[in-house]
Amino acid sequence: MASQEELFHNMIDEKLPMFRSIALRIVGNCADADDAVQQALISAWRKQSTFRNEAKFSNWITSIVINESYNILSKRMREKRKISEATKVDGHDPQSEMLDRLELAVAELPGCYRETLELALLSGHTSEEAAEMLNCSTNTLYQRIHKAKNLLRQKMMEAGNE
Amino acid sequence: MNDDKIAVMLDELRKLRERRVPCGQFSSTEDFRKNFFSAAGNTRPCLAFPLWKIAASAAAVFAVLACLAYFAFPDTDGDSKCAGNSLFYESLRLFRKDAGVICLNDSLITFERSTSAPAKYAYSIVLRDGNGKKLSLKLAASDDEAIRVDSPELSGIILLIPSDDSMVVAEMELRTAKNTLLKQLCAVTPVRIGSDGMPECFN
């Protein structure tokens, strides 16, 4: 257990700013970002024995941070939608609504495609950095991006966006 | 909607995120650390191989062993060799020369043997009725004999056919007083009966 604690102490010292930055870009506020990182680290703590050494430990936690952040984001967006439906507030910017739907569609993608889009297209990392963080080749990354875009297009069309 | 439009929208989303001014402030690293370890202390690390999987594996192994035991050791002969059924052996000692002896559970049944030679072997067989209820049948005969039983407690036929050096095949079609049909084909191990009328394992 001591070594596990040590590992997490080091992880917090070295990677907390990066995890927070990734989470913040997704959820948009510091409190939710901290919650996402906290939750991700707790999941990693609990499931550490299932971690396979094929990937770097920090990359594994990055994936969990992204997933937790999107969970929080989609929860917030559902709440927002409920409130706007209840108060019948209209007059949102259509462009902003479209981007909201896009974010929700990204949140609903299968984990690996969501992480790929986030790291390769939305977080401002280079393809090489994203590929390294996802523990795959750049070729695989491009294939995943392509597939993710297809899935997104389907989801957006299902949601009524032509 | 095509791929280009999706690409454009994703790019817009990226720009929007860059423009977005984060609201709130992060807690200090030390506060974060404190909160994390306090929350982590209340949670238990998962086992790589969870307990339910261990329990399921143990149950599966147990089931396989039970099946193997059932087929490898059918309870036809189970505890026959030295099972002390005093009624049976006492009856055997007394009547063996004149009649055949069968014990069905605690009931003694005699039958007329087709040969005058004394029974050389004792057999212990566990029968099951239609409801799966076990009945213990003990009898004395040779290793190659057709036995016809005709008594109120038990009637029918028992055929004993030598199988190899150590086993005898018993084929039975019997009916009890309650009209329960007992039909069974099984291999049993004969226990040699000594000149004193007692099975060898008793000597």
# chains A, B, ... in the order shown; residues from 1 in each chain; ligands from 1
$ residues_around --residues "Ile102 of chain B" --least-positions-apart "5" --cutoff "12 Å" --atoms "only C-alpha atoms" --output "MDAnalysis selection string"
chainID B and resid 85 87:92 95:96 107:113 119 122:125 136:141 147:151 153:155 158
$ select_by_dssp --residues "chain A" --states "alpha helix (DSSP H)" --output "PyMOL selection string"
chain A and resi 2-27+30-46+57-87+94-107+111-117+127-133+138-158
$ interface_residues --of "chain A" --to "chain B" --cutoff "7 Å" --atoms "only C-alpha atoms" --output "ChimeraX atom specification"
/A:25,28-31,34,38,42,45-47,49-50,99,122,149,153,162
$ atom_distance --atom1 "atom CA of Gly132 of chain B" --atom2 "atom CA of Ile157 of chain B"
20.6 Å
$ atom_distance --atom1 "atom CA of Glu171 of chain B" --atom2 "atom CA of Ala187 of chain B"
8.7 Å
$ decode --residues "segment 91-106 of chain A" --atoms "all heavy atoms" --output "compact mmCIF listing (two decimals), in the first residue's frame"
# COMPACT_ATOMS: atom_id res chain seq x y z
N GLY A 91 -34.40 31.68 -27.72
CA GLY A 91 -33.58 32.76 -28.22
C GLY A 91 -32.10 32.50 -28.06
O GLY A 91 -31.31 33.43 -28.06
N HIS A 92 -31.73 31.19 -27.85
CA HIS A 92 -30.31 30.85 -27.83
C HIS A 92 -29.72 31.05 -29.21
O HIS A 92 -30.42 30.91 -30.22
CB HIS A 92 -30.13 29.38 -27.41
CG HIS A 92 -30.08 29.21 -25.94
ND1 HIS A 92 -31.09 28.61 -25.24
CD2 HIS A 92 -29.15 29.59 -25.03
CE1 HIS A 92 -30.78 28.59 -23.97
NE2 HIS A 92 -29.61 29.18 -23.81
N ASP A 93 -28.45 31.31 -29.20
CA ASP A 93 -27.74 31.41 -30.47
C ASP A 93 -27.72 30.02 -31.11
O ASP A 93 -27.27 29.05 -30.48
CB ASP A 93 -26.32 31.90 -30.14
CG ASP A 93 -25.43 31.90 -31.36
OD1 ASP A 93 -25.97 31.78 -32.46
OD2 ASP A 93 -24.21 32.01 -31.17
N PRO A 94 -28.25 29.86 -32.36
CA PRO A 94 -28.30 28.53 -33.00
C PRO A 94 -26.92 27.89 -33.11
O PRO A 94 -26.77 26.68 -32.95
CB PRO A 94 -28.88 28.79 -34.38
CG PRO A 94 -29.34 30.19 -34.41
CD PRO A 94 -28.80 30.91 -33.22
N GLN A 95 -25.92 28.72 -33.36
CA GLN A 95 -24.55 28.20 -33.47
C GLN A 95 -24.10 27.60 -32.13
O GLN A 95 -23.52 26.51 -32.10
CB GLN A 95 -23.62 29.36 -33.89
CG GLN A 95 -22.17 28.96 -34.09
CD GLN A 95 -21.99 28.05 -35.31
OE1 GLN A 95 -22.91 27.84 -36.09
NE2 GLN A 95 -20.80 27.48 -35.44
N SER A 96 -24.43 28.32 -31.07
CA SER A 96 -24.02 27.85 -29.75
C SER A 96 -24.79 26.57 -29.39
O SER A 96 -24.22 25.64 -28.80
CB SER A 96 -24.28 28.97 -28.74
OG SER A 96 -24.59 28.44 -27.51
N GLU A 97 -26.06 26.52 -29.79
CA GLU A 97 -26.84 25.30 -29.54
C GLU A 97 -26.26 24.11 -30.30
O GLU A 97 -26.20 22.99 -29.79
CB GLU A 97 -28.29 25.52 -29.97
CG GLU A 97 -29.15 25.99 -28.83
CD GLU A 97 -30.62 26.00 -29.19
OE1 GLU A 97 -31.03 25.21 -30.06
OE2 GLU A 97 -31.34 26.81 -28.60
N MET A 98 -25.87 24.38 -31.53
CA MET A 98 -25.27 23.32 -32.37
C MET A 98 -23.99 22.79 -31.71
O MET A 98 -23.76 21.58 -31.66
CB MET A 98 -24.95 23.93 -33.74
CG MET A 98 -24.35 22.96 -34.72
SD MET A 98 -25.62 21.95 -35.47
CE MET A 98 -25.77 22.76 -37.03
N LEU A 99 -23.19 23.72 -31.16
CA LEU A 99 -21.95 23.28 -30.51
C LEU A 99 -22.25 22.51 -29.22
O LEU A 99 -21.53 21.57 -28.88
CB LEU A 99 -21.04 24.49 -30.23
CG LEU A 99 -20.43 25.15 -31.47
CD1 LEU A 99 -19.53 26.31 -31.09
CD2 LEU A 99 -19.64 24.16 -32.32
N ASP A 100 -23.32 22.92 -28.55
CA ASP A 100 -23.73 22.17 -27.35
C ASP A 100 -24.09 20.73 -27.73
O ASP A 100 -23.70 19.78 -27.05
CB ASP A 100 -24.97 22.82 -26.72
CG ASP A 100 -24.59 23.96 -25.79
OD1 ASP A 100 -23.37 24.18 -25.62
OD2 ASP A 100 -25.49 24.62 -25.26
N ARG A 101 -24.84 20.61 -28.84
CA ARG A 101 -25.23 19.27 -29.29
C ARG A 101 -24.01 18.46 -29.70
O ARG A 101 -23.92 17.27 -29.46
CB ARG A 101 -26.20 19.36 -30.47
CG ARG A 101 -27.59 19.71 -30.02
CD ARG A 101 -28.60 19.42 -31.12
NE ARG A 101 -29.75 20.28 -30.92
CZ ARG A 101 -30.17 21.18 -31.78
NH1 ARG A 101 -29.55 21.35 -32.94
NH2 ARG A 101 -31.21 21.92 -31.52
N LEU A 102 -23.08 19.15 -30.32
CA LEU A 102 -21.86 18.46 -30.75
C LEU A 102 -21.09 17.95 -29.52
O LEU A 102 -20.64 16.80 -29.50
CB LEU A 102 -20.96 19.42 -31.55
CG LEU A 102 -19.66 18.79 -32.07
CD1 LEU A 102 -19.94 17.83 -33.21
CD2 LEU A 102 -18.69 19.87 -32.56
N GLU A 103 -21.02 18.77 -28.50
CA GLU A 103 -20.32 18.36 -27.28
C GLU A 103 -21.01 17.16 -26.63
O GLU A 103 -20.36 16.23 -26.18
CB GLU A 103 -20.27 19.53 -26.29
CG GLU A 103 -18.87 20.06 -26.15
CD GLU A 103 -18.72 21.16 -25.11
OE1 GLU A 103 -19.72 21.83 -24.81
OE2 GLU A 103 -17.60 21.32 -24.64
N LEU A 104 -22.33 17.22 -26.65
CA LEU A 104 -23.09 16.10 -26.09
C LEU A 104 -22.88 14.84 -26.92
O LEU A 104 -22.73 13.73 -26.37
CB LEU A 104 -24.58 16.47 -26.06
CG LEU A 104 -25.46 15.66 -25.13
CD1 LEU A 104 -24.98 15.77 -23.69
CD2 LEU A 104 -26.91 16.11 -25.22
N ALA A 105 -22.81 15.02 -28.23
CA ALA A 105 -22.57 13.86 -29.10
C ALA A 105 -21.18 13.29 -28.86
O ALA A 105 -21.00 12.06 -28.85
CB ALA A 105 -22.73 14.27 -30.57
N VAL A 106 -20.20 14.16 -28.65
CA VAL A 106 -18.84 13.67 -28.33
C VAL A 106 -18.89 12.90 -27.02
O VAL A 106 -18.30 11.82 -26.88
CB VAL A 106 -17.83 14.84 -28.23
CG1 VAL A 106 -16.47 14.34 -27.76
CG2 VAL A 106 -17.67 15.55 -29.57
